[in-house]
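Student: First the structure, then my questions, so here it is.
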Amino acid sequence: MELLAADLHIHSVLSPCGELSMSPRAIVARAVEVGIQVVALTDHNSARNAPALAAAAQAAGLCALFGLEVRSAEEVDVLTLFDTPADALAYGDWVHAALPSVPCDPALFGDQVVVDGEDEILGFEPHLLINAIEQPLDAVCAEARRRGALVLLAHVDRPANSVLSQLGFMPDDLPVDGVELSRFGDEDRLRAEHPALGGLPVVRFSDAHRPGEIGYQQTQFEVAAAGVTEFRAALEGRGGRRAVPVRRALA
Amino acid sequence: MTVAELGAALGLTPCTPVSDREVTGAIVSDLLSDVLANGAPDYVWITIQTHRNVAAVASAQGLAAVILTAGRAPNEDLVSLAETESVTVFTSLQPTYTVAGLLYGLGVR
């Protein structure tokens with residue numbers, strides 16, 4: 001067993017809200033600098049920068065997962081994390097098929113840049129990625145799970161785009177592995193207000209949109225190796241594995 | 001009816017400079033994706049959402065004004081983007097239903 005510091009909620013230049021400095025290579029460099037051992041890209045409704053992360057992480061000897069932050073029809077954000085870029089891209093195709101064809105005006109929303117592992121620009125995603133896809137929350141979660149993803153409800157304490165802000169309650173039958181807290185969130189208060197969370201584990205990740213935010217929230221996984229199966233076991237506390245959410249001061 | 005006339009008639013509190021744009025209709029929604037699909041130029045949008053993307057969506061759809069209801073205050077970045085994009089943002093202490101009813105009564109259909 002080893003203790004791995006993971007930040008699995010990071011936005012790259014592909015997210016309109018992500019800073020242009022957030023290339024996968026820069027994300028990997030910053031993660032190494034702050035002691036993060038496992039990173040994941042979770043751009044809004046797209047995994048098109050997953051291959052770039054794979055290349056950049058491999059070059060730096062860093063472990064990576066490949067994800068999307070999907071916005072359901074109810075405008076609930078869901079983190080879906082896969083072991084391989086191919087799995088993330090395939091699920092991304094399913095997401096893209098349900099994404100409305102609304103163009104992204106970069107002046108209003110920001111650029112949506114597809115890059116490679118060397119920071120070379122490959123193109124721009126034309127459709128507005130922060131739009132909601134035309135699939136309900138339960139389908140978003142179930143389809144990701146069916147394809148082998150670790151599924152986490154994002155920033156559940158936030159007043160917008162969280163399951164609690166959009167639905168007002170925690171459904172008891174969602175196929176998810178846990179819930180993420182933002183830096184404003186308090187686990188004891190959350191559980192007191194929403195007993196329906198039951199035994200669902202809590203994680204913390206940075207939701208970084210700029211390099212300085214990477215790793216200031218993280219979850220430390222005591223596991224045999226990095227990966228969806230091991231992380232799920234850690235969240236469930238099986239086989240001597242465990243997960244510990246950590247919140248640090250923002251630099 | 002212009003944005004300025006509408007604001008005065010409903011007793012709304014402006015958060016940005018108030019325009020004289022002519023209002024052609026209205027939409028009530030708290031889902032940004034709904035406004036992206038069904039908003040139209042020179043509409044007024046009534047919502048409880050208060051974050052930056054409200055201004056981005058309003059501008060993208062060419063809306064004339066946004067009314068934030070139920071006493072909700074806009075985030076600072078919503079106000080600054082709305083000013084840049086010349087979208088008037090008002091707040092109201094009244095709930096969405098009441099604001100929409102009053103607007104309808106004023107002839108915005």
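Convention: chains lettered A, B, ... in structure tokens order; per-chain residue numbering from 1; ligands numbered from 1 as shown.
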Write out as a PyMOL selection string all residues of chain B that DSSP puts in strand (DSSP E) for this structure's backbone.

Tutor: chain B and resi 13-14+25-28+43-47+65-68+88-91

Student: May I ask you to extract the residues of chain B within 7 Å of chain A, using only C-alpha atoms, and to give them as a list in words?

Tutor: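 Output check: Leu31, Ser33 and Ala56 of chain B.
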
Student: Output C-alpha atoms for every residue in that selection, as a short mmCIF file (atom, residue, chain, number, x, y, z; two decimals), in the first residue's frame.

Tutor:
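Saved the output as out39.cif:
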data_model
loop_
_atom_site.label_atom_id
_atom_site.label_comp_id
_atom_site.auth_asym_id
_atom_site.auth_seq_id
_atom_site.Cartn_x
_atom_site.Cartn_y
_atom_site.Cartn_z
CA LEU B 31 -31.67 26.91 -16.18
CA SER B 33 -29.39 25.97 -20.96
CA ALA B 56 -22.64 35.81 -20.51
#

Student: Which residues, written as a ChimeraX atom specification, have at least one atom at most 9 Å from Glu76 of chain B, with only C-alpha atoms counted and residues fewer than 3 positions away on the same chain left out?

Tutor: /B:51-52,79-81

Student: Taking C-alpha atoms for each residue, export the selection above as a PDB file, in the first residue's frame.

Tutor:
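Just written: again.pdb:
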ATOM      1  CA  HIS B  51     -23.330  34.055 -11.101  1.00  0.00           C
ATOM      2  CA  ARG B  52     -21.201  35.438 -13.939  1.00  0.00           C
ATOM      3  CA  VAL B  79     -22.182  42.999 -12.700  1.00  0.00           C
ATOM      4  CA  SER B  80     -18.854  43.776 -14.358  1.00  0.00           C
ATOM      5  CA  LEU B  81     -19.549  41.550 -17.378  1.00  0.00           C
TER       6      LEU B  81
END

Student: Within 7 Å of Ala65 of chain B, counting only C-alpha atoms, which residues qualify if same-chain residues fewer than 4 places away don't, as a VMD selection string?

Tutor: chain B and resid 3 43 to 45 87 to 89

Student: Residues at most 10 Å from segment 141-143 of chain A, counting only C-alpha atoms, excluding those fewer than 3 positions away in the same chain, as a PyMOL selection string?

Tutor: chain A and resi 70+72+78-80+91+94-95+135-138+146-153+174-177

Student: Give me the residues of segment 76-179 of chain A that have any atom at most 12 Å from an atom of segment 19-35 of chain A; for each, the nearest atom pair and the distance in Å, rounded to one decimal. Use only C-alpha atoms, sort by chain and number, and format it as JSON lines.

Tutor:
{"residue": "A:Pro106", "atom": "CA", "partner": "A:Leu20", "partner_atom": "CA", "distance": 11.8}
{"residue": "A:Phe109", "atom": "CA", "partner": "A:Glu19", "partner_atom": "CA", "distance": 11.5}
{"residue": "A:Gly110", "atom": "CA", "partner": "A:Glu19", "partner_atom": "CA", "distance": 8.6}
{"residue": "A:Asp111", "atom": "CA", "partner": "A:Leu20", "partner_atom": "CA", "distance": 7.9}
{"residue": "A:Gln112", "atom": "CA", "partner": "A:Leu20", "partner_atom": "CA", "distance": 9.1}
{"residue": "A:Val113", "atom": "CA", "partner": "A:Leu20", "partner_atom": "CA", "distance": 8.3}
{"residue": "A:Val114", "atom": "CA", "partner": "A:Ser23", "partner_atom": "CA", "distance": 9.2}
{"residue": "A:Val115", "atom": "CA", "partner": "A:Ser23", "partner_atom": "CA", "distance": 7.4}
{"residue": "A:Asp116", "atom": "CA", "partner": "A:Pro24", "partner_atom": "CA", "distance": 8.0}
{"residue": "A:Gly117", "atom": "CA", "partner": "A:Arg25", "partner_atom": "CA", "distance": 5.9}
{"residue": "A:Glu118", "atom": "CA", "partner": "A:Arg25", "partner_atom": "CA", "distance": 6.7}
{"residue": "A:Asp119", "atom": "CA", "partner": "A:Ser23", "partner_atom": "CA", "distance": 6.2}
{"residue": "A:Glu120", "atom": "CA", "partner": "A:Ser23", "partner_atom": "CA", "distance": 9.3}
{"residue": "A:Ile121", "atom": "CA", "partner": "A:Ser23", "partner_atom": "CA", "distance": 9.8}

Student: Could you give me, as a PyMOL selection string, the residues within 7 Å of segment 35-37 of chain B, counting only C-alpha atoms and dropping anything in the same chain fewer than 4 positions from it?

Tutor: chain B and resi 29+31+57+61

Student: With only C-alpha atoms as the atoms that count, which of A:Glu193, A:Ala208, A:Phe184, A:Leu3 lies nearest to Leu41 of chain A?

Tutor: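 Closest to Leu41 of chain A, using only C-alpha atoms: A:Ala208.
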
Student: Return as a VMD selection string the full set of residues in segment 8-236 of chain A whose backbone-based DSSP assignment is alpha helix (DSSP H).

Tutor: chain A and resid 24 to 33 50 to 60 85 to 97 106 to 109 137 to 146 163 to 166 187 to 193 228 to 236

Student: For the atom pair atom CA of His127 of chain A and atom CA of Asp34 of chain B, what is the interatomic distance in Å to one decimal place?

Tutor: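 Between these atoms lies a distance of 15.6 Å.
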
Student: Extract, using only C-alpha atoms, all DNA, RNA and protein residues at most 10 Å from Ala26 of chain B, discarding same-chain residues fewer than 3 positions from it, and format them as a PDB file with C-alpha atoms, in the first residue's frame.

Tutor:
ATOM      1  CA  VAL B  23     -38.306  45.174 -24.595  1.00  0.00           C
ATOM      2  CA  SER B  29     -35.975  30.316 -16.134  1.00  0.00           C
ATOM      3  CA  GLY B  39     -34.152  33.302 -25.119  1.00  0.00           C
ATOM      4  CA  ALA B  40     -34.577  35.900 -27.858  1.00  0.00           C
ATOM      5  CA  PRO B  41     -33.110  39.340 -28.612  1.00  0.00           C
ATOM      6  CA  ASP B  42     -34.442  42.201 -26.439  1.00  0.00           C
ATOM      7  CA  TYR B  43     -36.135  39.868 -23.972  1.00  0.00           C
ATOM      8  CA  VAL B  44     -36.107  40.386 -20.225  1.00  0.00           C
ATOM      9  CA  TRP B  45     -34.912  37.361 -18.234  1.00  0.00           C
ATOM     10  CA  ILE B  46     -36.263  36.735 -14.733  1.00  0.00           C
ATOM     11  CA  LEU B  63     -31.264  40.017 -23.997  1.00  0.00           C
ATOM     12  CA  ALA B  64     -32.130  43.568 -22.956  1.00  0.00           C
ATOM     13  CA  ALA B  65     -32.217  43.053 -19.203  1.00  0.00           C
ATOM     14  CA  VAL B  66     -32.043  40.554 -16.356  1.00  0.00           C
ATOM     15  CA  ALA B 100     -43.435  37.863 -13.938  1.00  0.00           C
ATOM     16  CA  LEU B 103     -44.478  42.330 -16.137  1.00  0.00           C
ATOM     17  CA  TYR B 104     -47.265  40.494 -17.930  1.00  0.00           C
ATOM     18  CA  VAL B 108     -44.944  42.493 -21.959  1.00  0.00           C
ATOM     19  CA  ARG B 109     -46.296  39.359 -23.597  1.00  0.00           C
TER      20      ARG B 109
END

Student: Using only C-alpha atoms, can you tell me which of B:Ile48, B:Leu106, B:Ala58, B:Leu93 comes closest to Asn75 of chain B?

Tutor: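 Once distances to Asn75 of chain B are computed over only C-alpha atoms, the minimum belongs to B:Ile48.
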